[in-house]
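See below for the structure under consideration.
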Amino acid sequence: MKTLLTNPAGWKSLITFAILFLAWVSGFSARLFAVIRFESIIHEFDPWFNYRATAYMVQHGFYNFLNWFDERAWYPLGRIVGGTVYPGLMVTSGAIHYVLHALNIPVHIRDICVFLAPIFSGMTAISTYFLTKELWSPGAGLFACCFIAIVPGYISRSVAGSYDNEGIAIFALQFTYYLWVKSIKTGSVFWSVLTALSYFYMVSAWGGYVFIINLIPLHVFLLLIMGRYSYRLFTSYTVFYILGLVLSMQIPFVGFQPIRTSEHMAASGVFALVMAAGAFNYIQTRITKAEFKFIFIFATLVASGIVLMAVIGLTWAGVIAPWSGRFYSLWDTTYAKIHIPIIASVSEHQPTTWFSFFFDLHILVCIFPAGLWYCIQEYNDERLFVVLYALSAVYFAGVMVRLMLTLTPAVCILSGIAFSKIFENYLKEDGPVVSNVTKSVEEKQPVKEKTPSKSSQSSSSGKSKKKPPIIVSSSVSDNSNGEGVGSNIRSIVTISMLLVLMMFVVHCTWVTSNAYSSPSIVLASFSNDGSRQILDDFREAYYWLSQNTDNDARVMSWWDYGYQIAGMANRTTLVDNNTWNNSHIALVGKAMSSTEPKAYEIMTSLDVDYVLVIFGGVIGYSGDDINKFLWMVRIAEGEHPKDIRESDYFTERGEFRIDSQGSPTMLNCLMYKLSYYRFGDLKLDFRTPAGFDRTRNAVIGNQNFDLTYLEEAYTTEHWLVRIYRVKKPDEFNRPRIPVLDRKIRNPGASAVSKKSARKKKGIIQGKPVVVKGKKPKATNTYTNGIK
Amino acid sequence: MISLHLFLVAIFISTTYSVEVNPKIFINNVECLVDLSTQLVKGECRISLENNDDKPVNYVLYAFEPSIKSHVSFVSVHQVFESNRLSLNVKPVIQPGHEDKQFYQIDFNASRPLKSKSRIPLVVEYILTNALYPHPEEITQKDRQLMMFYGNAYFYSPYNSLKSSVKFQTGTRRIEDYTNFNPVSLSSGDIIYGPYGSLEPFAYSQISIHYDNNSPFLKVTKLTRTIELSHWGNVAVTEVIDLIHHGAKLKGSFSRYDYQRETNSGLSSVKSFKMYLPASATSVYYRDVIGNISTSNQRTLLDSVELDIRPRFPLFGGWKTHYTIGYNVPAYEYLFNSGEDYLLKMRLIDHLYDNMIIEDMTVRIILPEGSVDLDLKTNNAIVRLPDDLHFTYLDTIGRPMIQLKMSNVVESHISDFELKYKFPKAFMFHEPLIVIVAIYILFLTVIIWVRLDFSIAKDGHSETRQRISGIMSAIMHHIDRRSSIFSSWDESLNKLKHSKDIGAYNTAVKQIQADYKNESTSINELATKLKTESVELTEKLNEIQKIEKNLKELFGQTQSLYTDKLITGKVGRNQFVDLDNGLKRKKDECQEKINQLLKSLN
């Protein structure tokens, strides 16, 4: 105790460092389930494109990457990758790869890509610590850091192998917010420039940068209305906005959007407001206070009205692009379903259920309103920011499952504050309580220890002078609170809180291990004796494509598999996960939902060589193409309402069935035929009849059909992926001539001699031939019987 | 580079070296056995040679027909001598006037030439690759694979032969057709041409055999084998393999249903094959560009590790695949040294699958950084490419890399190479030192960064803060000492309570008092210094000092209680205990207050 007293700063930094380091390590290792269970592999769909692009950049250099025209995607349109991609992710891993190889460390780019998200999650944890420290206290920061390191809502997007923009973007988001809060507090140009740079990184990494460029102006706007204008605010926002604007326009994909689209208009409006406020502030020195207050509020309202009108006017005039469909779907959850089925067809764009809030955040979702309340109660400039952050993120997370990701950091910060507050109250330096609680408290104790000591030592830790009085007063009030509570209650509360935290850790590990650690291109099943079987059908099929088809073969599949085909099979695809061209996708959807001859017309017009479908009927895989089929029909109907009608694919009673009751259109469409070709013969086990589909638990309706325009090229071991070759016109449209009627046009001299030579041979070998001819006749029934 | 040139020149000489056919040598009897049951054509000819010349002969020639010249992959000759196998040296030569044929010169041992008028039995073994042609070239999934072999009914030789016969083993009873060239006989898949009487040199009569061959027709089109040696005790072997099924091509569709349900479907396809690694091989991996291939098994046998390699998909005719196999073996089994001289002795190529064909092969041997004087010895005809440098973990000057090329390789080519080199032992510390220096520099930079002030502007505030914290830490140190003085006082009081030895106590207290005075004066000195820096802290310090004084008074009271009352017995037991406890409580309170204040000071 005495050494701790004499040199607490050393201990404090040691413990802080240790906790941050452990948070990083545990966050990193929690994300490795998939690598340990399966292998170091890129997961799912989008990461495959990112990986392919990264590999291209590493191979060909950055400038060639920016100029890359990918002719293997969106056949025959192609895709200008450099201009349609957020390059931050590729540049980050490319830079890591470059540095490592410059040091002669030959790490494969795939491994860098696989482990990038876990490494960045550690950096997210640390920037969350700094952000929370700025907002509240280092203790709360450590809590928040530990939460974000393992919270499932963030792990879901950052497990090893999930090589996606979000993996690094959340770090950029948190870091930008930290720098923003820092610059708001100090008002220094240095911090605002850093904020702009960090914002630039965020823009280069993820489309979610729009969230920042709306949230920060909103914060500034709120401060303005609350009359909290200051030179610090003025400096930090103006520097940030101008630099951020110029920098963000350097990303080819973003281009002129920041000054041309509605999503970015709020920022420039607020910029104008801040300027106006600055002017008013100058006027303030000239006139009396009471006068000014009235003028200020009035003028603020008028100015914001003018800005709004200007934006609307420019939008109407066409200078500013109106809001995109994806943006509308944030306000109206049914918008996408009606107008853009392709957005609605993605499961992660569905509205969030209550269940998934708890699943992804566990106890934090219950406790974070408390933190929010504390922030509102003891508000200041930067706490208002986190309040806005949390409120907006809660709304967006409610609209779309995938935006749960932006809510998670806010929830972690606020829960960290709430927990820190609780422990501050109930773990006050009180000998008996500390000694009563078990060792695990010891770890927490320093956290608590720090909070009070921190507040009075403000001078030595280089904090602004504004904060200490608030905290000192709060800690005084805490003391009075704490003293009012009996030691029994204290220990009960402390222990129950610790239990809750422990359950949180258990839940996080369980969710990560069970829900978020499947690469989804390798499936695992467990047999009765507990041994694990790996179903590697996807890679089997993609590798077959890459090895045994022409290099320029074109593969038609539903868009979900576009990136995987390009990444693993290295073949040209018609549509992929970058769903920018709805009509092209609709065309593929139409081909899949038409009959074979009609689909053949579409396929020949698109130069399709192979068709790939996913079929889960043999192993009971539910994410197959038949289950996605209605979306194909819907999207096709959107573009070709004359040819495709969704109602045709339902039975009269409005059911979607594939058995004999199913609608004839359904039973004869291309997707049905490709999925169930020869499946009618297959008997899976003794209990079920032949042609029993395990996914839909039904015997298929149309069993014995043949394909005219396509032929089976490859089917994987568990029938999960089926690839068909589209026949060339000369391969099927010849009329069949009976053997006897066949005439050979011009046999030629050589052919004659060959024939005669063969005949001679036949004569010489006359005996065995005769014997052969007799034998089967005599033993025909017998051999059949054996067989 | 010079050694490379010499090597190339040596190859050049050996291939162009021309020899004469000695007409006085003839073949007494020859029996050839040609095995056609796999994708290779394996011939074994037992030749009885007779020298009719007057002088002993040092060498004889063996010839291959022009049609199979390009297929010859491997030739070896041995002589059975007193029931011992005695390998003979074989090298390719060129015969003027017979450039279309392929000749091999068989050298007898210098000590045992073929004497005049004597006979010698020789066994020639050869392997032909790509000598079987699928016929028809394309088959459907349910068809059987038929192969066509074009060969010679006679034994082909530059010498006259008196008696010869050739037997072709097809390993199957399903023979579609064979050339009827008398005398010929067929028995259970073996086709025997001969025996023939006297034959002229280069007697040739083409025959063809059309038969059923569903054995795996797998060919490695390109193999890159990397052997990376580490002196820390490990040899890492990596093999990158391009594999193709070069049998009859699959025509039409592949039906998974038929393949799974019907036994005679896809007979010629290859589902899996076995590969044998050295017995000490560990951490084996089998993967391709898109990840681990999970469909494989490993079994450790007594003398080898057996890998059951299953490509991602069954290989039908014309289908290709590409994969990588890697494993580690301990270096002590292959690396020998004396002092700074090292010898690496291991297989240049290893088993990939039974009856393998490797069309084109590159072997790269990577030695530890700092190895010099490389000297390579191999048995096979190889082309050595220019040496290169390889950079990997912590390398600064690069590791020497030897690159070798071979083509048309079969299993019989498997043999050891010997690579001698020198490695200075001091180089072992090269890489650890780099790590140590790097970490040292890192720490040094951190120390410099933290300790030194790099700010451009002078920060008066922080300087004051630092001064204050300096003074404060000095004060803290003294306060710490003082509190330890108090505790020792407490102790001696306790001792007094029990022993009632006033003399000893007084001496102890004298020392304590003196120490206390020292500490107090130094604290006061520091306090005056602090006054100029921070008023707030001085106030707090003064408060501490005040309580401190109280505490000292309490100690004084305790002392007087003990010395005046307890020892003299002026006070009753109960009363004493009450008084004592009261004082103790007060002391604790003071102590507590001081602690509180100290904490707030920090």
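Labels for the structure tokens follow display order: chains A, B, ..., residues from 1 in each chain, ligands from 1.
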Output the contact residues of chain B with respect to chain A at a cut-off of 7 Å, based on only C-alpha atoms, as number ranges by chain. B: 253-256, 290-291, 312-313, 319-321, 391-395, 465, 476, 599-600, 602
The selected residues should be written to file as an mmCIF file, in the first residue's frame (atoms: C-alpha atoms).
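Just written: selection.cif:
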```cif
data_model
loop_
_atom_site.group_PDB
_atom_site.id
_atom_site.type_symbol
_atom_site.label_atom_id
_atom_site.label_comp_id
_atom_site.auth_asym_id
_atom_site.auth_seq_id
_atom_site.Cartn_x
_atom_site.Cartn_y
_atom_site.Cartn_z
ATOM 1 C CA SER B 253 -21.313 -35.056 -69.346
ATOM 2 C CA PHE B 254 -20.127 -36.139 -65.966
ATOM 3 C CA SER B 255 -22.965 -37.598 -63.973
ATOM 4 C CA ARG B 256 -22.497 -37.616 -60.229
ATOM 5 C CA ILE B 290 -7.713 -21.674 -52.332
ATOM 6 C CA GLY B 291 -6.831 -23.431 -49.122
ATOM 7 C CA ARG B 312 -10.786 -32.036 -54.649
ATOM 8 C CA PHE B 313 -12.539 -33.765 -57.526
ATOM 9 C CA TRP B 319 -8.886 -33.049 -66.216
ATOM 10 C CA LYS B 320 -6.157 -31.219 -64.399
ATOM 11 C CA THR B 321 -5.420 -30.225 -60.872
ATOM 12 C CA PHE B 391 15.519 -14.050 -48.929
ATOM 13 C CA THR B 392 13.351 -15.083 -46.038
ATOM 14 C CA TYR B 393 12.991 -14.299 -42.343
ATOM 15 C CA LEU B 394 15.745 -12.019 -41.029
ATOM 16 C CA ASP B 395 18.002 -12.502 -44.016
ATOM 17 C CA ARG B 465 4.485 20.752 -12.697
ATOM 18 C CA MET B 476 6.693 11.757 0.125
ATOM 19 C CA LYS B 599 -3.766 10.390 -1.373
ATOM 20 C CA SER B 600 -5.293 13.672 -2.344
ATOM 21 C CA ASN B 602 -1.009 12.618 -5.436
#
```
Run DSSP on the backbone and give me the residues of segment 50-277 of chain A it puts in strand (DSSP E), as a count of residues only. 4
Residues within 8 Å of segment 391-397 of chain A, only C-alpha atoms, excluding chain neighbours under 2 positions, as a ChimeraX atom specification: /A:330,352,387-389,399-407,410
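Take atom CA of Gln39 of chain B and atom CA of Asn551 of chain A: the distance between them is 28.5 Å.
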What is the atom CA of Gly208 of chain A-atom CA of Gly638 of chain A distance in Å, reported with one decimal? 28.3 Å
I need the helix (DSSP H, G or I) residues of segment 135-271 of chain B per DSSP on the backbone, written as a PyMOL selection string. chain B and resi 256-261
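Relative to atom CA of Tyr282 of chain A, atom CA of Met309 of chain A is found at 26.0 Å.
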Can you pull out the residues contacting segment 161-178 of chain A? Cut-off 6 Å, using only C-alpha atoms, and skip same-chain residues under 5 positions away; I want them as JSON, numbers by chain. {"A": [41, 42, 43, 47, 89, 113, 114, 117, 120, 124, 127, 131, 195, 198, 199, 202, 205, 206]}
Selection from above, N, CA, C and O atoms, as a compact mmCIF listing (two decimals), in the first residue's frame, can you write it?
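And here is the file that came out, out_12.txt:
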```
# COMPACT_ATOMS: atom_id res chain seq x y z
N ILE A 41 -8.51 -18.99 -43.94
CA ILE A 41 -9.19 -18.88 -45.23
C ILE A 41 -10.10 -17.67 -45.22
O ILE A 41 -10.58 -17.25 -44.17
N ILE A 42 -10.32 -17.09 -46.39
CA ILE A 42 -11.22 -15.95 -46.53
C ILE A 42 -12.66 -16.45 -46.45
O ILE A 42 -13.00 -17.47 -47.03
N HIS A 43 -13.49 -15.71 -45.73
CA HIS A 43 -14.87 -16.17 -45.50
C HIS A 43 -15.85 -15.58 -46.50
O HIS A 43 -15.60 -14.55 -47.10
N PRO A 47 -15.68 -10.66 -48.86
CA PRO A 47 -14.24 -10.76 -48.61
C PRO A 47 -13.47 -11.38 -49.76
O PRO A 47 -12.31 -11.05 -49.98
N LEU A 89 -9.05 -0.68 -47.56
CA LEU A 89 -8.77 -2.04 -47.07
C LEU A 89 -7.59 -2.64 -47.82
O LEU A 89 -6.66 -3.18 -47.22
N CYS A 113 -4.53 -10.80 -45.08
CA CYS A 113 -5.95 -10.47 -45.23
C CYS A 113 -6.78 -11.17 -44.16
O CYS A 113 -7.70 -10.59 -43.60
N VAL A 114 -6.44 -12.42 -43.89
CA VAL A 114 -7.23 -13.18 -42.91
C VAL A 114 -7.11 -12.55 -41.52
O VAL A 114 -8.10 -12.40 -40.81
N ALA A 117 -8.55 -8.16 -39.82
CA ALA A 117 -9.67 -7.72 -38.99
C ALA A 117 -9.41 -7.94 -37.49
O ALA A 117 -9.64 -7.03 -36.70
N PHE A 120 -7.02 -5.26 -36.31
CA PHE A 120 -7.65 -3.95 -36.22
C PHE A 120 -8.67 -3.89 -35.10
O PHE A 120 -8.95 -2.82 -34.58
N THR A 124 -9.16 -0.99 -32.50
CA THR A 124 -10.46 -0.39 -32.17
C THR A 124 -10.61 -0.31 -30.66
O THR A 124 -11.06 0.71 -30.12
N SER A 127 -8.56 2.53 -29.36
CA SER A 127 -9.08 3.88 -29.62
C SER A 127 -10.38 4.10 -28.83
O SER A 127 -10.67 5.23 -28.45
N LEU A 131 -11.13 7.22 -26.48
CA LEU A 131 -12.35 8.02 -26.63
C LEU A 131 -13.10 8.10 -25.31
O LEU A 131 -13.50 9.19 -24.86
N THR A 195 -7.95 14.75 -37.08
CA THR A 195 -9.31 14.25 -37.28
C THR A 195 -9.61 14.14 -38.77
O THR A 195 -10.15 13.13 -39.23
N SER A 198 -7.77 11.18 -40.22
CA SER A 198 -8.41 9.93 -39.84
C SER A 198 -9.73 9.76 -40.61
O SER A 198 -10.08 8.65 -41.02
N TYR A 199 -10.41 10.86 -40.81
CA TYR A 199 -11.66 10.82 -41.59
C TYR A 199 -11.35 10.40 -43.02
O TYR A 199 -12.09 9.62 -43.62
N MET A 202 -11.04 6.80 -43.11
CA MET A 202 -12.37 6.21 -43.01
C MET A 202 -13.07 6.27 -44.37
O MET A 202 -13.70 5.30 -44.80
N ALA A 205 -12.04 3.72 -46.59
CA ALA A 205 -12.26 2.34 -46.17
C ALA A 205 -13.70 1.88 -46.27
O ALA A 205 -13.95 0.72 -46.56
N TRP A 206 -14.66 2.77 -46.09
CA TRP A 206 -16.03 2.26 -45.97
C TRP A 206 -17.03 3.35 -46.34
O TRP A 206 -16.80 4.53 -46.00
```
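Residue neighbourhood of Cys146 of chain A, excluding near-sequence residues (fewer than 3 positions): A:Ile19, A:Leu20, A:Leu22, A:Ala23, A:Trp24, A:Ser26, A:Gly27, A:Ala125, A:Tyr129, A:Gly141, A:Leu142, A:Phe143, A:Ala149, A:Ile150, A:Val151, A:Cys412, A:Gly416, at 9 Å, using only C-alpha atoms.
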Could you list, as a PyMOL selection string, every residue within 10 Å of Leu493 of chain B, counting only C-alpha atoms and ignoring same-chain residues fewer than 3 positions away? chain B and resi 487-490+496-500+502+505+508-509+555+558-559+562-563
